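S.K.: The structure follows.
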Amino acid sequence: MDQVLELKHVCYSYHTLDGETPALSDISFAVEKGEFIAVVGPSGCGKTTLLSLIAGLLTPEKGRIRINGKEVTESTTNVGYMLQHDELFEWRTIYHNVVLGLEIQHMMTAKTRQRAIDLLDFYGLGQFKNARPSELSGGMRQRAALIRTLVLEPDLLLLDEPFSALDYQTRLHVGDDIGQILRREEKSAVLVTHDLSEAISLADRVIILSGRPASILQTIPLVFDLKDDTPLHRRNAPEFKTYFQLIWKELNSHA
Ligand code: ADP
Ligand code: MG
């Protein structure tokens with residue numbers, strides 16, 4: 001079994017002038033290669049903190065985090081991070097936004113440049129290469145942000161409520177779209193969200209967190225009896241409601 005990510009007994013607290021805020025308590029889980037994990041939990045429970053630790057932006061107080069068997073540090077670069085807002089720069093074209101990460105990490109070569117163009121073409125943004133972010137819809141901008149992350153070929157993708165800034169309708173489309181892209185590219189991903197439907201329609205497994213300090217209440221593998229297992233088909237499948245109720249109950253039984 002190829003483990004991309006492993007967390008063992010991770011604890012974290014913020015220390016401020018007002019005192020200590022425990023955010024995570026004894027978090028352990030692993031992500032296999034190609035697996036898509038969703039982490040759900042009430043707002044303020046510690047989800048963003050969890051991703052910051054995995055990205056190496058924060059250091060665990062206790063426990064350890066490994067990516068491909070190696071301890072995570074500040075200089076860990078094989079992790080892609082996608083946030084709530086697409087954070088594209090208006091003064092750069094879509095193409096120049098997409099290659100920004102390559103430039104910063106000194107990875108701009110003929111090959112990586114071509115891959116950026118191929119991804120833009122393949123995912124329907126080819127004709128927007130020279131457009132500015134404001135000329136694109138919210139969903140297209142999220143696609144561009146995802147492509148910017150994908151060209152760096154990260155071993156693991158972290159998604160922090162990446163669709164929550166979009167209106168409901170767009171959010172369904174974009175969520176399904178991004179989910180399909182990640183499947184096609186066979187990426188391992190950890191998606192953090194407070195939207196249960198999003199988690200159930202996209203993930204292989206859902207990890208349910210308690211309120212702050214977050215601990216793992218339960219992990220639920222999602223199994224759908226579908227010929228064509230897409231987010232849209234999942235939403236219409238009978239299992240969807242069952243999973244929703246199960247997770248909802250678990251979240252609220254500890255509230
Ligand atoms: P979530 O993403 O689940 O909404 P966060 O991980 O952002 O939650 O935050 C978890 C808790 O830690 C919150 O109660 C928040 O107030 C606190 N917190 C987050 N960032 C900081 C910080 N930089 N300093 C102090 N406390 C923080
Ligand atoms: Mg958050």
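Ordered as shown in the structure tokens, chains take letters A, B, and onward, while each chain numbers its residues from 1 and ligands are numbered from 1 in the order shown.
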Mind checking which residues fall within 12 Å of Glu239 of chain A, counting only C-alpha atoms, ignoring those fewer than 5 positions away in the same chain, and posting them as a VMD selection string?

M.R.: chain A and resid 197 200 to 201 221 to 226 233 to 234 244 to 246

S.K.: Residues contacting ligand 2 - anything with an atom at most 10 Å away, using only C-alpha atoms and all ligand atoms - can you give me those as number ranges by chain?

M.R.: A: 41-52, 83-84, 160-161, 192-194

S.K.: Report as a VMD selection string all protein, DNA and RNA residues lying within 12 Å of Leu5 of chain A, evaluated on only C-alpha atoms, omitting residues in the same chain fewer than 4 positions from it.

M.R.: chain A and resid 1 28 to 37 51 53 to 55 64 to 72 78 to 79 155 to 158 188 to 190

S.K.: Any chance you could export the current selection's N, CA and C atoms as a compact mmCIF listing (two decimals), in the first residue's frame?

M.R.:
```txt
# COMPACT_ATOMS: atom_id res chain seq x y z
N MET A 1 0.83 -1.20 0.00
CA MET A 1 0.00 0.00 0.00
C MET A 1 0.87 1.26 0.00
N SER A 28 -5.20 11.28 14.12
CA SER A 28 -4.44 10.25 13.38
C SER A 28 -5.26 9.77 12.19
N PHE A 29 -4.68 9.83 11.02
CA PHE A 29 -5.29 9.19 9.85
C PHE A 29 -4.26 9.11 8.74
N ALA A 30 -4.58 8.33 7.70
CA ALA A 30 -3.65 8.21 6.58
C ALA A 30 -4.42 8.36 5.27
N VAL A 31 -3.72 8.77 4.25
CA VAL A 31 -4.31 8.88 2.91
C VAL A 31 -3.48 8.04 1.95
N GLU A 32 -4.15 7.13 1.26
CA GLU A 32 -3.46 6.29 0.27
C GLU A 32 -3.30 7.05 -1.03
N LYS A 33 -2.38 6.56 -1.85
CA LYS A 33 -2.17 7.18 -3.16
C LYS A 33 -3.47 7.15 -3.97
N GLY A 34 -3.83 8.28 -4.54
CA GLY A 34 -5.03 8.37 -5.38
C GLY A 34 -6.33 8.51 -4.61
N GLU A 35 -6.23 8.52 -3.30
CA GLU A 35 -7.45 8.59 -2.48
C GLU A 35 -7.89 10.04 -2.27
N PHE A 36 -9.21 10.22 -2.21
CA PHE A 36 -9.80 11.55 -2.00
C PHE A 36 -10.51 11.53 -0.66
N ILE A 37 -9.99 12.28 0.28
CA ILE A 37 -10.54 12.31 1.64
C ILE A 37 -11.25 13.63 1.86
N LEU A 51 -5.01 21.63 7.84
CA LEU A 51 -4.36 21.74 6.52
C LEU A 51 -3.04 22.50 6.62
N LEU A 53 -1.02 22.51 9.06
CA LEU A 53 -0.03 21.58 9.61
C LEU A 53 0.47 20.63 8.53
N ILE A 54 -0.46 20.11 7.72
CA ILE A 54 -0.07 19.17 6.67
C ILE A 54 0.81 19.87 5.63
N ALA A 55 0.51 21.16 5.38
CA ALA A 55 1.30 21.91 4.39
C ALA A 55 2.65 22.36 4.97
N ARG A 64 3.23 13.41 14.81
CA ARG A 64 4.03 13.67 13.61
C ARG A 64 3.21 13.53 12.34
N ILE A 65 3.72 14.19 11.29
CA ILE A 65 3.06 14.17 9.99
C ILE A 65 4.09 13.79 8.94
N ARG A 66 3.78 12.79 8.15
CA ARG A 66 4.70 12.38 7.08
C ARG A 66 4.02 12.41 5.73
N ILE A 67 4.77 12.88 4.74
CA ILE A 67 4.29 12.82 3.36
C ILE A 67 5.28 11.95 2.59
N ASN A 68 4.76 10.92 1.96
CA ASN A 68 5.61 9.91 1.31
C ASN A 68 6.72 9.43 2.24
N GLY A 69 6.38 9.24 3.49
CA GLY A 69 7.33 8.69 4.46
C GLY A 69 8.29 9.70 5.05
N LYS A 70 8.22 10.95 4.56
CA LYS A 70 9.17 11.96 5.08
C LYS A 70 8.46 13.00 5.94
N GLU A 71 9.10 13.32 7.04
CA GLU A 71 8.56 14.32 7.96
C GLU A 71 8.32 15.65 7.23
N VAL A 72 7.17 16.26 7.48
CA VAL A 72 6.84 17.53 6.84
C VAL A 72 7.63 18.67 7.49
N ASN A 78 6.06 19.37 -2.14
CA ASN A 78 5.26 18.49 -2.99
C ASN A 78 3.78 18.48 -2.59
N VAL A 79 3.35 19.58 -1.93
CA VAL A 79 1.96 19.71 -1.52
C VAL A 79 1.36 20.91 -2.22
N ASP A 155 2.25 15.80 -4.94
CA ASP A 155 1.89 14.44 -4.55
C ASP A 155 0.57 14.45 -3.79
N LEU A 156 0.27 15.60 -3.19
CA LEU A 156 -0.93 15.70 -2.37
C LEU A 156 -1.54 17.08 -2.55
N LEU A 157 -2.86 17.10 -2.71
CA LEU A 157 -3.57 18.38 -2.85
C LEU A 157 -4.41 18.66 -1.62
N LEU A 158 -4.31 19.87 -1.12
CA LEU A 158 -5.11 20.29 0.02
C LEU A 158 -6.10 21.33 -0.44
N SER A 188 -4.06 12.48 -5.05
CA SER A 188 -4.48 12.27 -3.67
C SER A 188 -4.87 13.64 -3.13
N ALA A 189 -6.00 13.68 -2.42
CA ALA A 189 -6.46 14.99 -1.98
C ALA A 189 -7.13 14.93 -0.62
N VAL A 190 -6.97 16.03 0.13
CA VAL A 190 -7.72 16.21 1.38
C VAL A 190 -8.54 17.48 1.20
```

S.K.: Taking into account only C-alpha atoms, which residue in the set A:Ser75, A:Ser215, A:Ser164, A:Gln142 is nearest to Pro22 of chain A?

M.R.: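 Distance minimum relative to Pro22 of chain A lands on A:Ser215.
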
S.K.: Please determine, counting only C-alpha atoms and all ligand atoms, which residue among A:Leu136, A:Leu58, A:Ile181, A:Leu88 has the shortest atom-to-atom distance to ligand 1.

M.R.: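 Using only C-alpha atoms and all ligand atoms, the shortest distance to ligand 1 belongs to A:Leu58.
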
S.K.: Run DSSP on the backbone and grab whatever in segment 48-247 of chain A lands in strand (DSSP E or B); send it over as a ChimeraX atom specification.

M.R.: /A:62-67,70-71,79-82,156-160,188-193,205-209,214,216-221

S.K.: The selected residues should be written to file as a compact mmCIF listing (two decimals), in the first residue's frame (atoms: N, CA, C and O atoms).

M.R.:
```txt
# COMPACT_ATOMS: atom_id res chain seq x y z
N LYS A 62 2.43 18.07 19.31
CA LYS A 62 2.72 16.66 19.60
C LYS A 62 2.40 15.86 18.35
O LYS A 62 1.61 16.31 17.52
N GLY A 63 2.96 14.68 18.25
CA GLY A 63 2.66 13.80 17.14
C GLY A 63 3.50 14.12 15.92
O GLY A 63 4.39 14.99 15.98
N ARG A 64 3.23 13.41 14.81
CA ARG A 64 4.03 13.67 13.61
C ARG A 64 3.21 13.53 12.34
O ARG A 64 2.16 12.89 12.31
N ILE A 65 3.72 14.19 11.29
CA ILE A 65 3.06 14.17 9.99
C ILE A 65 4.09 13.79 8.94
O ILE A 65 5.16 14.40 8.88
N ARG A 66 3.78 12.79 8.15
CA ARG A 66 4.70 12.38 7.08
C ARG A 66 4.02 12.41 5.73
O ARG A 66 2.85 12.02 5.61
N ILE A 67 4.77 12.88 4.74
CA ILE A 67 4.29 12.82 3.36
C ILE A 67 5.28 11.95 2.59
O ILE A 67 6.49 12.22 2.63
N LYS A 70 8.22 10.95 4.56
CA LYS A 70 9.17 11.96 5.08
C LYS A 70 8.46 13.00 5.94
O LYS A 70 7.38 13.48 5.60
N GLU A 71 9.10 13.32 7.04
CA GLU A 71 8.56 14.32 7.96
C GLU A 71 8.32 15.65 7.23
O GLU A 71 9.17 16.09 6.47
N VAL A 79 3.35 19.58 -1.93
CA VAL A 79 1.96 19.71 -1.52
C VAL A 79 1.36 20.91 -2.22
O VAL A 79 1.95 21.99 -2.23
N GLY A 80 0.19 20.73 -2.84
CA GLY A 80 -0.51 21.85 -3.48
C GLY A 80 -1.65 22.30 -2.59
O GLY A 80 -2.34 21.48 -2.01
N TYR A 81 -1.84 23.60 -2.48
CA TYR A 81 -2.82 24.15 -1.56
C TYR A 81 -3.80 25.01 -2.33
O TYR A 81 -3.41 25.94 -3.02
N MET A 82 -5.08 24.68 -2.24
CA MET A 82 -6.08 25.49 -2.93
C MET A 82 -7.06 26.06 -1.91
O MET A 82 -7.62 25.33 -1.10
N LEU A 156 0.27 15.60 -3.19
CA LEU A 156 -0.93 15.70 -2.37
C LEU A 156 -1.54 17.08 -2.55
O LEU A 156 -0.84 18.08 -2.57
N LEU A 157 -2.86 17.10 -2.71
CA LEU A 157 -3.57 18.38 -2.85
C LEU A 157 -4.41 18.66 -1.62
O LEU A 157 -5.13 17.79 -1.15
N LEU A 158 -4.31 19.87 -1.12
CA LEU A 158 -5.11 20.29 0.02
C LEU A 158 -6.10 21.33 -0.44
O LEU A 158 -5.73 22.31 -1.09
N LEU A 159 -7.37 21.11 -0.15
CA LEU A 159 -8.42 22.02 -0.61
C LEU A 159 -9.18 22.54 0.60
O LEU A 159 -9.83 21.77 1.30
N ASP A 160 -9.10 23.84 0.83
CA ASP A 160 -9.75 24.43 2.01
C ASP A 160 -11.03 25.14 1.60
O ASP A 160 -10.99 26.29 1.15
N SER A 188 -4.06 12.48 -5.05
CA SER A 188 -4.48 12.27 -3.67
C SER A 188 -4.87 13.64 -3.13
O SER A 188 -4.16 14.62 -3.36
N ALA A 189 -6.00 13.68 -2.42
CA ALA A 189 -6.46 14.99 -1.98
C ALA A 189 -7.13 14.93 -0.62
O ALA A 189 -7.73 13.93 -0.24
N VAL A 190 -6.97 16.03 0.13
CA VAL A 190 -7.72 16.21 1.38
C VAL A 190 -8.54 17.48 1.20
O VAL A 190 -8.00 18.56 1.04
N LEU A 191 -9.86 17.30 1.19
CA LEU A 191 -10.78 18.42 1.05
C LEU A 191 -11.43 18.70 2.40
O LEU A 191 -11.99 17.82 3.03
N VAL A 192 -11.32 19.95 2.83
CA VAL A 192 -11.92 20.35 4.08
C VAL A 192 -13.18 21.15 3.75
O VAL A 192 -13.16 22.00 2.87
N THR A 193 -14.29 20.82 4.40
CA THR A 193 -15.53 21.52 4.09
C THR A 193 -16.52 21.40 5.24
O THR A 193 -16.43 20.49 6.06
N ARG A 205 -13.71 8.74 1.32
CA ARG A 205 -13.90 8.57 2.77
C ARG A 205 -14.18 9.92 3.38
O ARG A 205 -13.62 10.92 2.94
N VAL A 206 -15.02 9.95 4.40
CA VAL A 206 -15.28 11.20 5.12
C VAL A 206 -14.80 11.05 6.55
O VAL A 206 -15.16 10.10 7.24
N ILE A 207 -13.99 12.00 6.98
CA ILE A 207 -13.55 12.04 8.37
C ILE A 207 -14.37 13.11 9.07
O ILE A 207 -14.43 14.25 8.61
N ILE A 208 -15.03 12.73 10.16
CA ILE A 208 -15.89 13.67 10.88
C ILE A 208 -15.16 14.17 12.12
O ILE A 208 -14.72 13.38 12.95
N LEU A 209 -15.04 15.50 12.19
CA LEU A 209 -14.36 16.11 13.34
C LEU A 209 -15.37 16.63 14.35
O LEU A 209 -16.47 17.07 14.00
N ALA A 214 -10.59 19.95 17.73
CA ALA A 214 -11.07 18.87 16.88
C ALA A 214 -10.40 17.54 17.20
O ALA A 214 -9.18 17.46 17.33
N ILE A 216 -11.14 13.21 15.98
CA ILE A 216 -11.90 12.45 14.97
C ILE A 216 -13.03 11.67 15.65
O ILE A 216 -12.78 10.85 16.52
N LEU A 217 -14.26 11.98 15.26
CA LEU A 217 -15.42 11.29 15.83
C LEU A 217 -15.61 9.95 15.13
O LEU A 217 -15.89 8.95 15.74
N GLN A 218 -15.46 9.98 13.80
CA GLN A 218 -15.70 8.78 13.03
C GLN A 218 -15.16 8.94 11.61
O GLN A 218 -15.07 10.06 11.11
N THR A 219 -14.80 7.82 11.00
CA THR A 219 -14.39 7.83 9.60
C THR A 219 -15.36 6.94 8.84
O THR A 219 -15.58 5.80 9.23
N ILE A 220 -15.94 7.49 7.78
CA ILE A 220 -16.95 6.74 7.04
C ILE A 220 -16.53 6.53 5.59
O ILE A 220 -16.40 7.48 4.83
N PRO A 221 -16.28 5.28 5.19
CA PRO A 221 -15.97 5.00 3.78
C PRO A 221 -17.24 5.15 2.96
O PRO A 221 -18.31 4.73 3.40
```

S.K.: Pick from A:Leu17, A:Ala131, A:Ala145, A:Ala116: nearest to Glu90 of chain A, with only C-alpha atoms counted?

M.R.: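 Result for the nearest residue to Glu90 of chain A: A:Ala131.
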
S.K.: Using only C-alpha atoms, which residues sit within 10 Å of Thr93 of chain A once same-chain residues fewer than 4 positions away are excluded, as a list in words?

M.R.: Leu88, Phe89, Asn97, Val98, Phe128, Lys129, Asn130, Ala131, Arg132, Pro133 and Ser134 of chain A

S.K.: At a cut-off of 12 Å, using only C-alpha atoms, what residues contact Leu102 of chain A? Leave out same-chain residues fewer than 6 positions from it and give the result as a list of chain:residue names.

M.R.: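 Non-adjacent residues within range: A:Thr77, A:Tyr95, A:His96, A:Met108, A:Thr109, A:Ala110, A:Lys111, A:Thr112, A:Arg113, A:Gln114, A:Arg115, A:Ala116, A:Ile147, A:Arg148, A:Thr149, A:Leu150, A:Val151, A:Leu152, A:Glu153, A:Pro154.
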
S.K.: Mind pulling up the distance from atom CA of Thr73 of chain A to atom CA of Pro162 of chain A?

M.R.: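 A separation of 23.9 Å between them.
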
S.K.: From a DSSP calculation on the backbone, collect every residue of segment 28-239 of chain A in helix (DSSP H, G or I) and output the set as number ranges by chain.

M.R.: A: 47-54, 94-98, 100-104, 110-122, 126-128, 133-135, 138-150, 168-184, 196-202, 231-235, 238-239

S.K.: For ligand 1, which of A:Asp204, A:Glu20, A:Glu250, A:Asp86 is the closest residue, counting only C-alpha atoms and all ligand atoms?

M.R.: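 When distances to ligand 1 are compared using only C-alpha atoms and all ligand atoms, the smallest one comes from A:Glu20.
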
S.K.: Just give me the gap between atom CA of Thr16 of chain A and atom 5 (P, counted along the ligand's line) of ligand 1 in Å, one decimal is fine.

M.R.: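 According to the coordinates, atom CA of Thr16 of chain A and atom 5 (P, counted along the ligand's line) of ligand 1 are separated by 14.5 Å.
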